[in-house]
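Shown below: coords_11.cif, with mmCIF, N, CA, C and O atoms.
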data_coords
#
loop_
_atom_site.group_PDB
_atom_site.id
_atom_site.type_symbol
_atom_site.label_atom_id
_atom_site.label_comp_id
_atom_site.auth_asym_id
_atom_site.auth_seq_id
_atom_site.Cartn_x
_atom_site.Cartn_y
_atom_site.Cartn_z
ATOM 1 N N MET A 1 130.532 95.881 170.216
ATOM 2 C CA MET A 1 129.825 95.870 171.480
ATOM 3 C C MET A 1 130.241 97.068 172.343
ATOM 4 O O MET A 1 129.404 97.649 173.014
ATOM 5 N N ARG A 2 131.532 97.349 172.329
ATOM 6 C CA ARG A 2 132.030 98.465 173.127
ATOM 7 C C ARG A 2 131.404 99.782 172.674
ATOM 8 O O ARG A 2 130.934 100.564 173.503
ATOM 9 N N GLU A 3 131.397 99.991 171.370
ATOM 10 C CA GLU A 3 130.834 101.236 170.848
ATOM 11 C C GLU A 3 129.333 101.323 171.118
ATOM 12 O O GLU A 3 128.811 102.392 171.407
ATOM 13 N N ALA A 4 128.641 100.195 171.053
ATOM 14 C CA ALA A 4 127.207 100.191 171.342
ATOM 15 C C ALA A 4 126.963 100.552 172.807
ATOM 16 O O ALA A 4 126.026 101.294 173.126
ATOM 17 N N ALA A 5 127.805 100.040 173.701
ATOM 18 C CA ALA A 5 127.667 100.383 175.114
ATOM 19 C C ALA A 5 127.937 101.863 175.338
ATOM 20 O O ALA A 5 127.247 102.523 176.121
ATOM 21 N N TRP A 6 128.917 102.406 174.621
ATOM 22 C CA TRP A 6 129.211 103.840 174.746
ATOM 23 C C TRP A 6 128.034 104.673 174.254
ATOM 24 O O TRP A 6 127.690 105.680 174.857
ATOM 25 N N LEU A 7 127.446 104.232 173.142
ATOM 26 C CA LEU A 7 126.290 104.968 172.617
ATOM 27 C C LEU A 7 125.105 104.924 173.576
ATOM 28 O O LEU A 7 124.271 105.827 173.583
ATOM 29 N N CYS A 8 125.030 103.879 174.386
ATOM 30 C CA CYS A 8 123.955 103.776 175.381
ATOM 31 C C CYS A 8 124.273 104.558 176.653
ATOM 32 O O CYS A 8 123.506 104.529 177.606
ATOM 33 N N GLY A 9 125.434 105.227 176.679
ATOM 34 C CA GLY A 9 125.773 106.081 177.806
ATOM 35 C C GLY A 9 126.692 105.477 178.837
ATOM 36 O O GLY A 9 126.933 106.082 179.875
ATOM 37 N N MET A 10 127.219 104.293 178.598
ATOM 38 C CA MET A 10 128.138 103.686 179.566
ATOM 39 C C MET A 10 129.524 104.312 179.430
ATOM 40 O O MET A 10 129.953 104.659 178.337
ATOM 41 N N SER A 11 130.215 104.419 180.561
ATOM 42 C CA SER A 11 131.599 104.883 180.522
ATOM 43 C C SER A 11 132.476 103.733 180.026
ATOM 44 O O SER A 11 132.019 102.581 179.904
ATOM 45 N N GLY A 12 133.726 104.031 179.765
ATOM 46 C CA GLY A 12 134.639 103.000 179.275
ATOM 47 C C GLY A 12 134.808 101.843 180.243
ATOM 48 O O GLY A 12 134.765 100.676 179.861
ATOM 49 N N TRP A 13 135.016 102.179 181.547
ATOM 50 C CA TRP A 13 135.199 101.125 182.546
ATOM 51 C C TRP A 13 133.920 100.334 182.780
ATOM 52 O O TRP A 13 133.948 99.121 182.954
ATOM 53 N N ARG A 14 132.796 101.016 182.796
ATOM 54 C CA ARG A 14 131.531 100.297 183.012
ATOM 55 C C ARG A 14 131.241 99.371 181.841
ATOM 56 O O ARG A 14 130.764 98.246 182.030
ATOM 57 N N ALA A 15 131.543 99.821 180.625
ATOM 58 C CA ALA A 15 131.361 98.960 179.453
ATOM 59 C C ALA A 15 132.273 97.739 179.548
ATOM 60 O O ALA A 15 131.880 96.627 179.201
ATOM 61 N N PHE A 16 133.485 97.947 180.035
ATOM 62 C CA PHE A 16 134.403 96.814 180.196
ATOM 63 C C PHE A 16 133.853 95.800 181.182
ATOM 64 O O PHE A 16 133.806 94.603 180.897
ATOM 65 N N TRP A 17 133.433 96.266 182.368
ATOM 66 C CA TRP A 17 132.964 95.352 183.414
ATOM 67 C C TRP A 17 131.611 94.725 183.116
ATOM 68 O O TRP A 17 131.369 93.573 183.483
ATOM 69 N N ARG A 18 130.725 95.463 182.446
ATOM 70 C CA ARG A 18 129.363 94.974 182.238
ATOM 71 C C ARG A 18 129.138 94.288 180.897
ATOM 72 O O ARG A 18 128.207 93.509 180.754
ATOM 73 N N VAL A 19 130.002 94.584 179.886
ATOM 74 C CA VAL A 19 129.779 94.037 178.552
ATOM 75 C C VAL A 19 130.947 93.154 178.109
ATOM 76 O O VAL A 19 130.767 91.982 177.791
ATOM 77 N N GLU A 20 132.141 93.717 178.106
ATOM 78 C CA GLU A 20 133.283 92.995 177.529
ATOM 79 C C GLU A 20 133.756 91.830 178.386
ATOM 80 O O GLU A 20 134.008 90.734 177.866
ATOM 81 N N LEU A 21 133.922 92.049 179.690
ATOM 82 C CA LEU A 21 134.419 90.985 180.553
ATOM 83 C C LEU A 21 133.483 89.771 180.602
ATOM 84 O O LEU A 21 133.961 88.638 180.503
ATOM 85 N N PRO A 22 132.171 89.950 180.744
ATOM 86 C CA PRO A 22 131.301 88.765 180.709
ATOM 87 C C PRO A 22 131.398 87.983 179.392
ATOM 88 O O PRO A 22 131.286 86.760 179.391
ATOM 89 N N LEU A 23 131.636 88.688 178.295
ATOM 90 C CA LEU A 23 131.782 87.988 177.015
ATOM 91 C C LEU A 23 133.118 87.245 176.922
ATOM 92 O O LEU A 23 133.215 86.201 176.296
ATOM 93 N N ALA A 24 134.147 87.802 177.552
ATOM 94 C CA ALA A 24 135.484 87.200 177.472
ATOM 95 C C ALA A 24 135.721 86.151 178.553
ATOM 96 O O ALA A 24 136.683 85.381 178.458
ATOM 97 N N TRP A 25 134.884 86.114 179.587
ATOM 98 C CA TRP A 25 135.116 85.241 180.727
ATOM 99 C C TRP A 25 135.317 83.754 180.363
ATOM 100 O O TRP A 25 136.248 83.124 180.875
ATOM 101 N N PRO A 26 134.513 83.140 179.507
ATOM 102 C CA PRO A 26 134.748 81.723 179.177
ATOM 103 C C PRO A 26 136.127 81.491 178.559
ATOM 104 O O PRO A 26 136.801 80.509 178.881
ATOM 105 N N GLY A 27 136.568 82.385 177.707
ATOM 106 C CA GLY A 27 137.890 82.244 177.105
ATOM 107 C C GLY A 27 139.005 82.412 178.117
ATOM 108 O O GLY A 27 140.010 81.697 178.087
ATOM 109 N N LEU A 28 138.852 83.364 179.040
ATOM 110 C CA LEU A 28 139.857 83.567 180.079
ATOM 111 C C LEU A 28 139.941 82.365 181.013
ATOM 112 O O LEU A 28 141.040 81.935 181.385
ATOM 113 N N LEU A 29 138.809 81.810 181.392
ATOM 114 C CA LEU A 29 138.787 80.631 182.252
ATOM 115 C C LEU A 29 139.433 79.434 181.554
ATOM 116 O O LEU A 29 140.234 78.707 182.155
ATOM 117 N N THR A 30 139.119 79.244 180.288
ATOM 118 C CA THR A 30 139.718 78.155 179.519
ATOM 119 C C THR A 30 141.224 78.316 179.425
ATOM 120 O O THR A 30 141.983 77.355 179.597
ATOM 121 N N ALA A 31 141.696 79.532 179.190
ATOM 122 C CA ALA A 31 143.132 79.794 179.108
ATOM 123 C C ALA A 31 143.815 79.481 180.435
ATOM 124 O O ALA A 31 144.898 78.881 180.458
ATOM 125 N N PHE A 32 143.205 79.858 181.548
ATOM 126 C CA PHE A 32 143.774 79.576 182.854
ATOM 127 C C PHE A 32 143.871 78.078 183.108
ATOM 128 O O PHE A 32 144.919 77.576 183.544
ATOM 129 N N VAL A 33 142.812 77.349 182.828
ATOM 130 C CA VAL A 33 142.797 75.904 183.068
ATOM 131 C C VAL A 33 143.821 75.198 182.181
ATOM 132 O O VAL A 33 144.575 74.331 182.648
ATOM 133 N N LEU A 34 143.889 75.565 180.913
ATOM 134 C CA LEU A 34 144.852 74.925 180.008
ATOM 135 C C LEU A 34 146.286 75.260 180.380
ATOM 136 O O LEU A 34 147.178 74.401 180.291
ATOM 137 N N THR A 35 146.540 76.484 180.806
ATOM 138 C CA THR A 35 147.891 76.864 181.237
ATOM 139 C C THR A 35 148.301 76.077 182.463
ATOM 140 O O THR A 35 149.433 75.579 182.547
ATOM 141 N N PHE A 36 147.398 75.943 183.424
ATOM 142 C CA PHE A 36 147.698 75.183 184.634
ATOM 143 C C PHE A 36 147.975 73.712 184.307
ATOM 144 O O PHE A 36 148.954 73.128 184.789
ATOM 145 N N ALA A 37 147.148 73.111 183.467
ATOM 146 C CA ALA A 37 147.334 71.708 183.097
ATOM 147 C C ALA A 37 148.642 71.509 182.325
ATOM 148 O O ALA A 37 149.368 70.540 182.560
ATOM 149 N N HIS A 38 148.964 72.427 181.445
ATOM 150 C CA HIS A 38 150.205 72.336 180.680
ATOM 151 C C HIS A 38 151.415 72.438 181.610
ATOM 152 O O HIS A 38 152.396 71.694 181.457
ATOM 153 N N THR A 39 151.350 73.333 182.578
ATOM 154 C CA THR A 39 152.458 73.493 183.523
ATOM 155 C C THR A 39 152.661 72.236 184.346
ATOM 156 O O THR A 39 153.798 71.790 184.545
ATOM 157 N N LEU A 40 151.577 71.642 184.821
ATOM 158 C CA LEU A 40 151.708 70.385 185.563
ATOM 159 C C LEU A 40 152.287 69.278 184.695
ATOM 160 O O LEU A 40 153.120 68.486 185.145
ATOM 161 N N GLY A 41 151.867 69.219 183.450
ATOM 162 C CA GLY A 41 152.391 68.208 182.539
ATOM 163 C C GLY A 41 153.874 68.390 182.278
ATOM 164 O O GLY A 41 154.646 67.423 182.267
ATOM 165 N N GLU A 42 154.298 69.621 182.062
ATOM 166 C CA GLU A 42 155.721 69.893 181.825
ATOM 167 C C GLU A 42 156.551 69.518 183.046
ATOM 168 O O GLU A 42 157.629 68.943 182.923
ATOM 169 N N PHE A 43 156.055 69.853 184.229
ATOM 170 C CA PHE A 43 156.794 69.506 185.442
ATOM 171 C C PHE A 43 156.891 67.994 185.592
ATOM 172 O O PHE A 43 157.937 67.462 185.955
ATOM 173 N N GLY A 44 155.814 67.291 185.281
ATOM 174 C CA GLY A 44 155.851 65.830 185.358
ATOM 175 C C GLY A 44 156.847 65.222 184.393
ATOM 176 O O GLY A 44 157.565 64.277 184.736
ATOM 177 N N VAL A 45 156.930 65.774 183.195
ATOM 178 C CA VAL A 45 157.898 65.264 182.212
ATOM 179 C C VAL A 45 159.314 65.494 182.700
ATOM 180 O O VAL A 45 160.170 64.613 182.617
ATOM 181 N N VAL A 46 159.580 66.678 183.235
ATOM 182 C CA VAL A 46 160.916 66.973 183.751
ATOM 183 C C VAL A 46 161.235 66.063 184.926
ATOM 184 O O VAL A 46 162.347 65.541 185.038
ATOM 185 N N LEU A 47 160.270 65.859 185.792
ATOM 186 C CA LEU A 47 160.484 65.015 186.965
ATOM 187 C C LEU A 47 160.755 63.566 186.566
ATOM 188 O O LEU A 47 161.621 62.911 187.151
ATOM 189 N N MET A 48 160.064 63.070 185.549
ATOM 190 C CA MET A 48 160.211 61.671 185.150
ATOM 191 C C MET A 48 161.419 61.417 184.261
ATOM 192 O O MET A 48 162.011 60.349 184.319
ATOM 193 N N SER A 49 161.779 62.349 183.421
ATOM 194 C CA SER A 49 162.821 62.061 182.435
ATOM 195 C C SER A 49 164.187 62.536 182.898
ATOM 196 O O SER A 49 164.766 61.973 183.807
ATOM 197 N N ALA A 50 164.719 63.559 182.296
ATOM 198 C CA ALA A 50 166.117 63.932 182.511
ATOM 199 C C ALA A 50 166.297 65.056 183.519
ATOM 200 O O ALA A 50 167.358 65.652 183.584
ATOM 201 N N GLY A 51 165.309 65.345 184.311
ATOM 202 C CA GLY A 51 165.415 66.481 185.204
ATOM 203 C C GLY A 51 166.202 66.248 186.466
ATOM 204 O O GLY A 51 166.644 67.173 187.105
ATOM 205 N N ASN A 52 166.419 64.997 186.854
ATOM 206 C CA ASN A 52 167.054 64.760 188.148
ATOM 207 C C ASN A 52 167.909 63.497 188.120
ATOM 208 O O ASN A 52 167.736 62.601 188.930
ATOM 209 N N ILE A 53 168.845 63.427 187.216
ATOM 210 C CA ILE A 53 169.789 62.311 187.193
ATOM 211 C C ILE A 53 170.866 62.628 188.227
ATOM 212 O O ILE A 53 171.559 63.640 188.102
ATOM 213 N N PRO A 54 170.989 61.809 189.284
ATOM 214 C CA PRO A 54 171.917 62.132 190.370
ATOM 215 C C PRO A 54 173.340 62.353 189.856
ATOM 216 O O PRO A 54 173.905 61.531 189.142
ATOM 217 N N GLY A 55 173.907 63.494 190.227
ATOM 218 C CA GLY A 55 175.274 63.810 189.864
ATOM 219 C C GLY A 55 175.460 64.342 188.456
ATOM 220 O O GLY A 55 176.565 64.722 188.089
ATOM 221 N N GLU A 56 174.396 64.356 187.637
ATOM 222 C CA GLU A 56 174.552 64.799 186.254
ATOM 223 C C GLU A 56 173.696 66.010 185.916
ATOM 224 O O GLU A 56 174.221 66.991 185.397
ATOM 225 N N THR A 57 172.402 65.927 186.150
ATOM 226 C CA THR A 57 171.519 67.034 185.778
ATOM 227 C C THR A 57 170.704 67.467 186.982
ATOM 228 O O THR A 57 170.438 66.685 187.896
ATOM 229 N N ARG A 58 170.320 68.709 186.944
ATOM 230 C CA ARG A 58 169.451 69.255 187.997
ATOM 231 C C ARG A 58 168.802 70.510 187.434
ATOM 232 O O ARG A 58 169.487 71.431 187.024
ATOM 233 N N THR A 59 167.492 70.537 187.414
ATOM 234 C CA THR A 59 166.786 71.721 186.924
ATOM 235 C C THR A 59 166.342 72.571 188.112
ATOM 236 O O THR A 59 166.250 72.091 189.237
ATOM 237 N N VAL A 60 166.060 73.820 187.854
ATOM 238 C CA VAL A 60 165.614 74.722 188.910
ATOM 239 C C VAL A 60 164.290 74.231 189.492
ATOM 240 O O VAL A 60 164.090 74.255 190.709
ATOM 241 N N ALA A 61 163.379 73.780 188.631
ATOM 242 C CA ALA A 61 162.081 73.306 189.114
ATOM 243 C C ALA A 61 162.244 72.134 190.082
ATOM 244 O O ALA A 61 161.564 72.080 191.112
ATOM 245 N N ILE A 62 163.142 71.216 189.766
ATOM 246 C CA ILE A 62 163.361 70.064 190.643
ATOM 247 C C ILE A 62 164.041 70.490 191.937
ATOM 248 O O ILE A 62 163.724 69.982 193.015
ATOM 249 N N ALA A 63 164.973 71.433 191.863
ATOM 250 C CA ALA A 63 165.641 71.921 193.073
ATOM 251 C C ALA A 63 164.628 72.576 194.014
ATOM 252 O O ALA A 63 164.649 72.343 195.225
ATOM 253 N N ILE A 64 163.721 73.385 193.467
ATOM 254 C CA ILE A 64 162.690 74.021 194.286
ATOM 255 C C ILE A 64 161.759 72.967 194.868
ATOM 256 O O ILE A 64 161.395 73.016 196.051
ATOM 257 N N TYR A 65 161.375 72.002 194.055
ATOM 258 C CA TYR A 65 160.498 70.924 194.517
ATOM 259 C C TYR A 65 161.149 70.148 195.668
ATOM 260 O O TYR A 65 160.499 69.877 196.682
ATOM 261 N N ASP A 66 162.429 69.819 195.531
ATOM 262 C CA ASP A 66 163.136 69.088 196.590
ATOM 263 C C ASP A 66 163.184 69.896 197.886
ATOM 264 O O ASP A 66 162.977 69.361 198.972
ATOM 265 N N ARG A 67 163.461 71.197 197.781
ATOM 266 C CA ARG A 67 163.523 72.048 198.977
ATOM 267 C C ARG A 67 162.144 72.182 199.620
ATOM 268 O O ARG A 67 162.033 72.191 200.837
ATOM 269 N N ALA A 68 161.102 72.291 198.802
ATOM 270 C CA ALA A 68 159.746 72.393 199.345
ATOM 271 C C ALA A 68 159.332 71.086 200.036
ATOM 272 O O ALA A 68 158.687 71.111 201.088
ATOM 273 N N GLN A 69 159.722 69.951 199.459
ATOM 274 C CA GLN A 69 159.415 68.654 200.081
ATOM 275 C C GLN A 69 160.154 68.477 201.399
ATOM 276 O O GLN A 69 159.676 67.791 202.292
ATOM 277 N N ALA A 70 161.332 69.088 201.514
ATOM 278 C CA ALA A 70 162.106 69.011 202.747
ATOM 279 C C ALA A 70 161.655 70.064 203.763
ATOM 280 O O ALA A 70 162.279 70.204 204.824
ATOM 281 N N LEU A 71 160.588 70.810 203.449
ATOM 282 C CA LEU A 71 160.042 71.871 204.293
ATOM 283 C C LEU A 71 161.055 72.980 204.568
ATOM 284 O O LEU A 71 161.036 73.600 205.629
ATOM 285 N N ASP A 72 161.936 73.229 203.624
ATOM 286 C CA ASP A 72 162.916 74.300 203.730
ATOM 287 C C ASP A 72 162.405 75.464 202.875
ATOM 288 O O ASP A 72 162.865 75.692 201.743
ATOM 289 N N ASP A 73 161.446 76.212 203.424
ATOM 290 C CA ASP A 73 160.796 77.282 202.676
ATOM 291 C C ASP A 73 161.760 78.398 202.274
ATOM 292 O O ASP A 73 161.635 78.976 201.199
ATOM 293 N N HIS A 74 162.720 78.693 203.134
ATOM 294 C CA HIS A 74 163.677 79.763 202.826
ATOM 295 C C HIS A 74 164.493 79.408 201.580
ATOM 296 O O HIS A 74 164.640 80.226 200.679
ATOM 297 N N ALA A 75 165.015 78.198 201.509
ATOM 298 C CA ALA A 75 165.802 77.785 200.336
ATOM 299 C C ALA A 75 164.930 77.635 199.102
ATOM 300 O O ALA A 75 165.357 77.948 197.995
ATOM 301 N N ALA A 76 163.704 77.166 199.268
ATOM 302 C CA ALA A 76 162.802 77.015 198.132
ATOM 303 C C ALA A 76 162.443 78.381 197.536
ATOM 304 O O ALA A 76 162.315 78.518 196.330
ATOM 305 N N GLY A 77 162.330 79.379 198.397
ATOM 306 C CA GLY A 77 162.015 80.727 197.917
ATOM 307 C C GLY A 77 163.162 81.329 197.154
ATOM 308 O O GLY A 77 163.011 82.023 196.178
#
Can the structure from this file be put into structure tokens for me?
Amino acid sequence: MREAAWLCGMSGWRAFWRVELPLAWPGLLTAFVLTFAHTLGEFGVVLMSAGNIPGETRTVAIAIYDRAQALDDHAAG
């Protein structure tokens, strides 16, 4: 497709924006949605299982979550 666009006189960037990106858009959107869902699932597993046993374990994700819930943006950052 790229070479066909070049043969039709499109520049490299125009071929990317007008031909390649529209073809890749469904895959990129799917990747974004699946990555977001996977991240939420992983955080939920950590939150529910061994991520926050008082006095024993503490993960960075849970520490940030606790600081954000306490509205301590400076410490959460």
Subject >> Backbone DSSP call of alpha helix (DSSP H) for stretch 7-40 of chain A, listed as an NGL selection string >> reply: :A and (7 or 12-15 or 21-40)
Go ahead and write the residues just picked, N, CA, C and O atoms, as an mmCIF file, in the frame of the given file.
data_model
loop_
_atom_site.group_PDB
_atom_site.id
_atom_site.type_symbol
_atom_site.label_atom_id
_atom_site.label_comp_id
_atom_site.auth_asym_id
_atom_site.auth_seq_id
_atom_site.Cartn_x
_atom_site.Cartn_y
_atom_site.Cartn_z
ATOM 1 N N LEU A 7 127.446 104.232 173.142
ATOM 2 C CA LEU A 7 126.290 104.968 172.617
ATOM 3 C C LEU A 7 125.105 104.924 173.576
ATOM 4 O O LEU A 7 124.271 105.827 173.583
ATOM 5 N N GLY A 12 133.726 104.031 179.765
ATOM 6 C CA GLY A 12 134.639 103.000 179.275
ATOM 7 C C GLY A 12 134.808 101.843 180.243
ATOM 8 O O GLY A 12 134.765 100.676 179.861
ATOM 9 N N TRP A 13 135.016 102.179 181.547
ATOM 10 C CA TRP A 13 135.199 101.125 182.546
ATOM 11 C C TRP A 13 133.920 100.334 182.780
ATOM 12 O O TRP A 13 133.948 99.121 182.954
ATOM 13 N N ARG A 14 132.796 101.016 182.796
ATOM 14 C CA ARG A 14 131.531 100.297 183.012
ATOM 15 C C ARG A 14 131.241 99.371 181.841
ATOM 16 O O ARG A 14 130.764 98.246 182.030
ATOM 17 N N ALA A 15 131.543 99.821 180.625
ATOM 18 C CA ALA A 15 131.361 98.960 179.453
ATOM 19 C C ALA A 15 132.273 97.739 179.548
ATOM 20 O O ALA A 15 131.880 96.627 179.201
ATOM 21 N N LEU A 21 133.922 92.049 179.690
ATOM 22 C CA LEU A 21 134.419 90.985 180.553
ATOM 23 C C LEU A 21 133.483 89.771 180.602
ATOM 24 O O LEU A 21 133.961 88.638 180.503
ATOM 25 N N PRO A 22 132.171 89.950 180.744
ATOM 26 C CA PRO A 22 131.301 88.765 180.709
ATOM 27 C C PRO A 22 131.398 87.983 179.392
ATOM 28 O O PRO A 22 131.286 86.760 179.391
ATOM 29 N N LEU A 23 131.636 88.688 178.295
ATOM 30 C CA LEU A 23 131.782 87.988 177.015
ATOM 31 C C LEU A 23 133.118 87.245 176.922
ATOM 32 O O LEU A 23 133.215 86.201 176.296
ATOM 33 N N ALA A 24 134.147 87.802 177.552
ATOM 34 C CA ALA A 24 135.484 87.200 177.472
ATOM 35 C C ALA A 24 135.721 86.151 178.553
ATOM 36 O O ALA A 24 136.683 85.381 178.458
ATOM 37 N N TRP A 25 134.884 86.114 179.587
ATOM 38 C CA TRP A 25 135.116 85.241 180.727
ATOM 39 C C TRP A 25 135.317 83.754 180.363
ATOM 40 O O TRP A 25 136.248 83.124 180.875
ATOM 41 N N PRO A 26 134.513 83.140 179.507
ATOM 42 C CA PRO A 26 134.748 81.723 179.177
ATOM 43 C C PRO A 26 136.127 81.491 178.559
ATOM 44 O O PRO A 26 136.801 80.509 178.881
ATOM 45 N N GLY A 27 136.568 82.385 177.707
ATOM 46 C CA GLY A 27 137.890 82.244 177.105
ATOM 47 C C GLY A 27 139.005 82.412 178.117
ATOM 48 O O GLY A 27 140.010 81.697 178.087
ATOM 49 N N LEU A 28 138.852 83.364 179.040
ATOM 50 C CA LEU A 28 139.857 83.567 180.079
ATOM 51 C C LEU A 28 139.941 82.365 181.013
ATOM 52 O O LEU A 28 141.040 81.935 181.385
ATOM 53 N N LEU A 29 138.809 81.810 181.392
ATOM 54 C CA LEU A 29 138.787 80.631 182.252
ATOM 55 C C LEU A 29 139.433 79.434 181.554
ATOM 56 O O LEU A 29 140.234 78.707 182.155
ATOM 57 N N THR A 30 139.119 79.244 180.288
ATOM 58 C CA THR A 30 139.718 78.155 179.519
ATOM 59 C C THR A 30 141.224 78.316 179.425
ATOM 60 O O THR A 30 141.983 77.355 179.597
ATOM 61 N N ALA A 31 141.696 79.532 179.190
ATOM 62 C CA ALA A 31 143.132 79.794 179.108
ATOM 63 C C ALA A 31 143.815 79.481 180.435
ATOM 64 O O ALA A 31 144.898 78.881 180.458
ATOM 65 N N PHE A 32 143.205 79.858 181.548
ATOM 66 C CA PHE A 32 143.774 79.576 182.854
ATOM 67 C C PHE A 32 143.871 78.078 183.108
ATOM 68 O O PHE A 32 144.919 77.576 183.544
ATOM 69 N N VAL A 33 142.812 77.349 182.828
ATOM 70 C CA VAL A 33 142.797 75.904 183.068
ATOM 71 C C VAL A 33 143.821 75.198 182.181
ATOM 72 O O VAL A 33 144.575 74.331 182.648
ATOM 73 N N LEU A 34 143.889 75.565 180.913
ATOM 74 C CA LEU A 34 144.852 74.925 180.008
ATOM 75 C C LEU A 34 146.286 75.260 180.380
ATOM 76 O O LEU A 34 147.178 74.401 180.291
ATOM 77 N N THR A 35 146.540 76.484 180.806
ATOM 78 C CA THR A 35 147.891 76.864 181.237
ATOM 79 C C THR A 35 148.301 76.077 182.463
ATOM 80 O O THR A 35 149.433 75.579 182.547
ATOM 81 N N PHE A 36 147.398 75.943 183.424
ATOM 82 C CA PHE A 36 147.698 75.183 184.634
ATOM 83 C C PHE A 36 147.975 73.712 184.307
ATOM 84 O O PHE A 36 148.954 73.128 184.789
ATOM 85 N N ALA A 37 147.148 73.111 183.467
ATOM 86 C CA ALA A 37 147.334 71.708 183.097
ATOM 87 C C ALA A 37 148.642 71.509 182.325
ATOM 88 O O ALA A 37 149.368 70.540 182.560
ATOM 89 N N HIS A 38 148.964 72.427 181.445
ATOM 90 C CA HIS A 38 150.205 72.336 180.680
ATOM 91 C C HIS A 38 151.415 72.438 181.610
ATOM 92 O O HIS A 38 152.396 71.694 181.457
ATOM 93 N N THR A 39 151.350 73.333 182.578
ATOM 94 C CA THR A 39 152.458 73.493 183.523
ATOM 95 C C THR A 39 152.661 72.236 184.346
ATOM 96 O O THR A 39 153.798 71.790 184.545
ATOM 97 N N LEU A 40 151.577 71.642 184.821
ATOM 98 C CA LEU A 40 151.708 70.385 185.563
ATOM 99 C C LEU A 40 152.287 69.278 184.695
ATOM 100 O O LEU A 40 153.120 68.486 185.145
#
Original post:
Selected by the PyMOL selection byres (((chain A and resi 39-49 and name CA) around 12) and name CA) in the shown coordinates: which residues, as a PyMOL selection string?
Top reply: chain A and resi 32-38+50-53+57-66
Original post:
What is the atom CA of A:Leu21-atom C of A:Arg2 distance in Å, reported with one decimal?
Top reply: 12.2 Å
What are the centre and the three edge lengths of an axis-aligned box that wraps all atoms of stretch 36-49 of chain A in the file, given that 8 Å is added to every side, written as AutoDock Vina command-line options and rounded to one decimal in Å?
--center_x 156.0 --center_y 68.1 --center_z 183.9 --size_x 33.6 --size_y 31.6 --size_z 22.5
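Checking A:Asp72, A:Met1, A:Leu29, A:Glu56 one by one against A:Ala15, counting all atoms listed in the file, you find the shortest gap at A:Met1.
The interatomic distance for the pair atom CA of A:Ala4 and atom N of A:Trp25 works out to 18.0 Å.
In this model, the gap between atom O of A:Thr30 and atom O of A:Phe16 comes to 19.1 Å.
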**OP:** Give as a ChimeraX atom specification the set of residues within 12 Å of the point (127.6, 96.3, 173.4), where distances use the file's coordinates and only C-alpha atoms.
**Re:** /A:1-12,14-23
Take stretch 62-66 of chain A, model all heavy atoms, and hand the result over as a CSV table (one decimal), keeping the file's coordinate frame.
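Result file part.csv:
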chain,number,residue,atom,x,y,z
A,62,ILE,N,163.1,71.2,189.8
A,62,ILE,CA,163.4,70.1,190.6
A,62,ILE,C,164.0,70.5,191.9
A,62,ILE,O,163.7,70.0,193.0
A,62,ILE,CB,164.2,69.0,189.9
A,62,ILE,CG1,163.4,68.5,188.7
A,62,ILE,CG2,164.5,67.8,190.8
A,62,ILE,CD1,162.1,67.9,188.9
A,63,ALA,N,165.0,71.4,191.9
A,63,ALA,CA,165.6,71.9,193.1
A,63,ALA,C,164.6,72.6,194.0
A,63,ALA,O,164.6,72.3,195.2
A,63,ALA,CB,166.7,72.9,192.7
A,64,ILE,N,163.7,73.4,193.5
A,64,ILE,CA,162.7,74.0,194.3
A,64,ILE,C,161.8,73.0,194.9
A,64,ILE,O,161.4,73.0,196.1
A,64,ILE,CB,161.9,75.1,193.5
A,64,ILE,CG1,162.8,76.2,193.1
A,64,ILE,CG2,160.7,75.6,194.2
A,64,ILE,CD1,162.2,77.2,192.1
A,65,TYR,N,161.4,72.0,194.1
A,65,TYR,CA,160.5,70.9,194.5
A,65,TYR,C,161.1,70.1,195.7
A,65,TYR,O,160.5,69.9,196.7
A,65,TYR,CB,160.2,70.0,193.4
A,65,TYR,CG,159.4,68.8,193.7
A,65,TYR,CD1,158.0,68.9,194.0
A,65,TYR,CD2,159.9,67.5,193.8
A,65,TYR,CE1,157.2,67.8,194.3
A,65,TYR,CE2,159.2,66.4,194.1
A,65,TYR,CZ,157.8,66.6,194.4
A,65,TYR,OH,157.1,65.5,194.7
A,66,ASP,N,162.4,69.8,195.5
A,66,ASP,CA,163.1,69.1,196.6
A,66,ASP,C,163.2,69.9,197.9
A,66,ASP,O,163.0,69.4,199.0
A,66,ASP,CB,164.5,68.7,196.1
A,66,ASP,CG,164.6,67.6,195.1
A,66,ASP,OD1,163.5,66.9,195.0
A,66,ASP,OD2,165.6,67.5,194.4
